[in-house]
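A.B. asks: Below you'll find the structure I mean.
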Amino acid sequence: MTSIATTVPQDGQHPVVRRQLFVASAALLVAGVLLGVSTNLVKVAHNIGLAPLPFLTWSLAGATLLLSGISMVRGQTPRLNRRSLEYFVVAAFLSVAASNLIFFNAVTHVGVSFVALTISLPPLLTYVGALILRMESFCWWRASGVVLALVGTGVLVLARWTTPGASHFWIALTLIGPVLLAAGNIYRTRRWPPGATAESLAPGMLLAATTLLVLITMITPGWSFGISTASTYALPLIGIQAVVFAGQFLLLFVLQKAGGPVFLSLMGAVSAVFGVPIAMMLLAEPALPALLPSAALIAAGIVSMVIGVRACQPIIAKKGK
């Protein structure tokens, strides 16, 4: 698979590159908006009494059906072999099941805004991981972006940590989510099955994620994915989240193929731009302490990362084998 970073010449004006950059940018914008909407829907689900685990599990099941139908209509059904099964299970655990289980539960303890801002960290963590694995060459712009965003996150976490009544456990646990997402970004890029398309990989990953959540629920005492019918909004909300998930994860693979792992992970920053204002204006969530300085530092880090796409040496391509 190729990406912007592996194909862009120094002038960046080749028609194929310009088209690829447009596709990646459009996918980044839409996927980021969907991710921001998804985070806020978790808070809505909590407000109507829908628990995070069943909401996540059934929404993923619905998204799996939607994407499976699309892949069948387009003749892009996934190839099932040892390599693809490994890809589905590992990608599902890192990118969907474990990370979203953390975020869906954390929203009710630390708020949408805190979760949305931490989801903006994967680009920086992805770059560090790609640098260690020699998928990226060193770049001062990107290194500066990592430092700025980490300082911004430190300001945010410290302010939240010292807030009276803060849930220290959930603050710490939430910070594990971006690490899982970054690991998933790198894994999916390095192990992309040869010849596979986004339409064939997305439903396989979501099916594996749904299966993992069901198995975890079955072996964990006190956990259930049953849905309370007390609220008439529960099933429609699950349906909406399923559609959002379907679009989000399909575009995630499109973006990954067009833009590479670091560019892909910028969708977390886009989601924060939309998700935080939605939470504050529509869900009446109070502003986080130190929100403006931490958001400004994180934004500066992301901008520095984006500048690095054009200013620095290309990614050292590491194709899946």
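A note on labels: chains of the structure tokens are A, B, ... as shown, every chain counts residues from 1, and ligands are counted from 1 in their shown order.
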Counting only C-alpha atoms, give me one row per residue of stretch 100-166 of chain A with an atom at most 7 Å from an atom of stretch 181-194 of chain A, showing the shortest contact pair and its distance in Å to one decimal, sorted by chain then residue number, as a tab-separated table.

C.D. replies:
```
residue	atom	partner	partner_atom	distance
A:Pro122	CA	A:Ala182	CA	4.9
A:Leu125	CA	A:Ala182	CA	5.8
A:Thr126	CA	A:Ala182	CA	4.7
A:Ala130	CA	A:Ile186	CA	6.9
```

A.B. asks: At a cut-off of 12 Å, can you tabulate as CSV every residue of stretch 181-272 of chain A near stretch 97-110 of chain A together with its closest atom pair and the distance in Å to one decimal, using only C-alpha atoms and ordering rows by chain then number?

C.D. replies:
```
residue,atom,partner,partner_atom,distance
A:Leu181,CA,A:Ser99,CA,6.6
A:Ala182,CA,A:Ser99,CA,10.2
A:Ala183,CA,A:Ser99,CA,10.6
A:Gly184,CA,A:Ser99,CA,9.6
A:Met205,CA,A:Ala97,CA,9.8
A:Leu206,CA,A:Ala97,CA,8.7
A:Leu207,CA,A:Ala97,CA,10.4
A:Ala208,CA,A:Ala97,CA,8.8
A:Ala209,CA,A:Ala97,CA,5.2
A:Thr210,CA,A:Ala97,CA,7.4
A:Thr211,CA,A:Ala97,CA,9.3
A:Leu212,CA,A:Ala97,CA,7.1
A:Leu213,CA,A:Ala97,CA,6.5
A:Val214,CA,A:Ala97,CA,10.2
A:Leu215,CA,A:Ala97,CA,11.3
A:Ile216,CA,A:Ala97,CA,10.0
A:Thr217,CA,A:Leu101,CA,11.5
A:Phe245,CA,A:Asn100,CA,11.2
```

A.B. asks: Please produce a file of the residues just selected, as a short mmCIF file (atom, residue, chain, number, x, y, z; two decimals), in the first residue's frame, where the atoms kept are C-alpha atoms.

C.D. replies:
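Listed below is the output, part-v1.cif:
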```cif
data_model
loop_
_atom_site.label_atom_id
_atom_site.label_comp_id
_atom_site.auth_asym_id
_atom_site.auth_seq_id
_atom_site.Cartn_x
_atom_site.Cartn_y
_atom_site.Cartn_z
CA LEU A 181 -5.18 3.71 18.98
CA ALA A 182 -1.64 4.66 18.02
CA ALA A 183 -0.53 1.02 18.22
CA GLY A 184 -3.51 0.09 16.05
CA MET A 205 -12.41 -5.82 11.83
CA LEU A 206 -15.79 -4.75 13.24
CA LEU A 207 -17.08 -8.34 13.31
CA ALA A 208 -13.97 -9.40 15.21
CA ALA A 209 -14.42 -6.48 17.63
CA THR A 210 -18.06 -7.37 18.26
CA THR A 211 -17.12 -11.00 18.86
CA LEU A 212 -14.37 -9.98 21.30
CA LEU A 213 -16.79 -7.80 23.27
CA VAL A 214 -19.38 -10.58 23.44
CA LEU A 215 -16.77 -13.09 24.65
CA ILE A 216 -15.40 -10.66 27.25
CA THR A 217 -18.92 -10.00 28.50
CA PHE A 245 -19.56 3.74 13.25
#
```

A.B. asks: Enumerate the residues of stretch 74-200 of chain A with a DSSP assignment of helix (DSSP H, G or I), computed from the backbone, and present them as a PyMOL selection string.

C.D. replies: chain A and resi 82-110+112-118+122-132+140-161+168-174+176-190+198-200

A.B. asks: Print the selection's residues with C-alpha atoms to a file, as an mmCIF file, in the first residue's frame.

C.D. replies:
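Output contents, as saved in again_26.cif:
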```
data_model
loop_
_atom_site.group_PDB
_atom_site.id
_atom_site.type_symbol
_atom_site.label_atom_id
_atom_site.label_comp_id
_atom_site.auth_asym_id
_atom_site.auth_seq_id
_atom_site.Cartn_x
_atom_site.Cartn_y
_atom_site.Cartn_z
ATOM 1 C CA ARG A 82 -4.457 -16.968 8.542
ATOM 2 C CA ARG A 83 -3.040 -13.537 7.722
ATOM 3 C CA SER A 84 -6.410 -11.784 7.430
ATOM 4 C CA LEU A 85 -7.800 -13.432 10.568
ATOM 5 C CA GLU A 86 -4.772 -12.282 12.540
ATOM 6 C CA TYR A 87 -5.224 -8.799 11.089
ATOM 7 C CA PHE A 88 -8.915 -8.641 12.001
ATOM 8 C CA VAL A 89 -8.428 -9.824 15.588
ATOM 9 C CA VAL A 90 -5.411 -7.693 16.486
ATOM 10 C CA ALA A 91 -6.751 -4.575 14.715
ATOM 11 C CA ALA A 92 -10.151 -5.108 16.335
ATOM 12 C CA PHE A 93 -8.664 -5.310 19.814
ATOM 13 C CA LEU A 94 -6.400 -2.259 19.477
ATOM 14 C CA SER A 95 -8.478 0.053 17.286
ATOM 15 C CA VAL A 96 -12.035 -0.813 18.283
ATOM 16 C CA ALA A 97 -12.834 -3.101 21.210
ATOM 17 C CA ALA A 98 -10.317 -2.143 23.924
ATOM 18 C CA SER A 99 -9.941 1.550 23.069
ATOM 19 C CA ASN A 100 -13.658 2.229 22.629
ATOM 20 C CA LEU A 101 -14.575 0.232 25.725
ATOM 21 C CA ILE A 102 -12.295 2.581 27.667
ATOM 22 C CA PHE A 103 -13.618 5.745 26.005
ATOM 23 C CA PHE A 104 -17.303 4.779 26.219
ATOM 24 C CA ASN A 105 -17.002 4.138 29.949
ATOM 25 C CA ALA A 106 -14.720 7.112 30.594
ATOM 26 C CA VAL A 107 -17.184 9.625 29.141
ATOM 27 C CA THR A 108 -19.506 9.115 32.101
ATOM 28 C CA HIS A 109 -16.662 9.698 34.600
ATOM 29 C CA VAL A 110 -14.421 12.390 33.080
ATOM 30 C CA VAL A 112 -16.842 14.179 26.669
ATOM 31 C CA SER A 113 -14.364 17.068 26.414
ATOM 32 C CA PHE A 114 -11.586 15.273 28.297
ATOM 33 C CA VAL A 115 -12.047 12.117 26.213
ATOM 34 C CA ALA A 116 -12.207 14.113 22.957
ATOM 35 C CA LEU A 117 -8.964 15.942 23.721
ATOM 36 C CA THR A 118 -7.117 12.752 24.658
ATOM 37 C CA PRO A 122 -2.638 9.386 18.613
ATOM 38 C CA PRO A 123 -0.898 11.369 15.813
ATOM 39 C CA LEU A 124 1.931 12.184 18.174
ATOM 40 C CA LEU A 125 2.172 8.722 19.673
ATOM 41 C CA THR A 126 1.899 7.195 16.193
ATOM 42 C CA TYR A 127 4.804 9.327 14.993
ATOM 43 C CA VAL A 128 6.964 8.253 17.934
ATOM 44 C CA GLY A 129 6.137 4.597 17.264
ATOM 45 C CA ALA A 130 6.737 4.961 13.517
ATOM 46 C CA LEU A 131 10.069 6.657 14.247
ATOM 47 C CA ILE A 132 11.168 3.819 16.540
ATOM 48 C CA TRP A 140 12.137 18.616 13.840
ATOM 49 C CA TRP A 141 8.662 19.870 12.962
ATOM 50 C CA ARG A 142 7.078 16.618 14.074
ATOM 51 C CA ALA A 143 9.311 16.263 17.106
ATOM 52 C CA SER A 144 8.303 19.774 18.151
ATOM 53 C CA GLY A 145 4.669 18.806 17.642
ATOM 54 C CA VAL A 146 5.084 15.838 19.974
ATOM 55 C CA VAL A 147 6.610 18.027 22.697
ATOM 56 C CA LEU A 148 3.939 20.754 22.388
ATOM 57 C CA ALA A 149 1.035 18.309 22.480
ATOM 58 C CA LEU A 150 2.466 16.329 25.377
ATOM 59 C CA VAL A 151 2.910 19.547 27.371
ATOM 60 C CA GLY A 152 -0.680 20.494 26.524
ATOM 61 C CA THR A 153 -1.904 17.092 27.643
ATOM 62 C CA GLY A 154 0.117 17.379 30.837
ATOM 63 C CA VAL A 155 -1.534 20.730 31.597
ATOM 64 C CA LEU A 156 -4.960 19.239 30.936
ATOM 65 C CA VAL A 157 -4.384 16.109 33.011
ATOM 66 C CA LEU A 158 -2.854 18.046 35.920
ATOM 67 C CA ALA A 159 -5.775 20.489 35.992
ATOM 68 C CA ARG A 160 -8.298 17.643 35.820
ATOM 69 C CA TRP A 161 -6.368 15.571 38.384
ATOM 70 C CA HIS A 168 -8.067 9.581 39.246
ATOM 71 C CA PHE A 169 -8.594 5.994 38.122
ATOM 72 C CA TRP A 170 -10.610 7.009 35.053
ATOM 73 C CA ILE A 171 -8.274 9.868 34.180
ATOM 74 C CA ALA A 172 -5.340 7.440 34.121
ATOM 75 C CA LEU A 173 -7.308 4.738 32.294
ATOM 76 C CA THR A 174 -8.487 7.191 29.633
ATOM 77 C CA ILE A 176 -4.334 4.320 27.806
ATOM 78 C CA GLY A 177 -6.890 4.688 24.988
ATOM 79 C CA PRO A 178 -4.689 6.892 22.729
ATOM 80 C CA VAL A 179 -1.794 4.469 23.195
ATOM 81 C CA LEU A 180 -3.981 1.621 21.928
ATOM 82 C CA LEU A 181 -5.184 3.708 18.981
ATOM 83 C CA ALA A 182 -1.636 4.658 18.015
ATOM 84 C CA ALA A 183 -0.534 1.021 18.222
ATOM 85 C CA GLY A 184 -3.509 0.091 16.051
ATOM 86 C CA ASN A 185 -2.608 2.724 13.446
ATOM 87 C CA ILE A 186 0.912 1.338 13.106
ATOM 88 C CA TYR A 187 -0.182 -2.298 13.170
ATOM 89 C CA ARG A 188 -2.829 -1.866 10.474
ATOM 90 C CA THR A 189 -0.340 -0.107 8.205
ATOM 91 C CA ARG A 190 2.463 -2.656 8.614
ATOM 92 C CA ALA A 198 -10.991 -0.784 2.649
ATOM 93 C CA GLU A 199 -14.443 -2.239 1.896
ATOM 94 C CA SER A 200 -13.215 -5.763 2.672
#
```

A.B. asks: Excluding same-chain residues fewer than 4 positions from A:Ser38, what lies within 12 Å of it counting only C-alpha atoms, as a PyMOL selection string?

C.D. replies: chain A and resi 31-34+42-45+55-56+59-60+100+103-104+107+112+115-116+237-249+268+271-272+274-276+278-279

A.B. asks: Using only C-alpha atoms, pick whichever of A:Ala166, A:Leu250, A:Ile219, A:Ala269 has the shortest atom-to-atom distance to A:Thr197.

C.D. replies: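 Looking only at the distances to A:Thr197, the closest residue turns out to be A:Leu250.
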
A.B. asks: Rounded to one decimal place, report the atom CA of A:Val270-atom CA of A:Leu292 distance in Å.

C.D. replies: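 So the answer is 16.2 Å.
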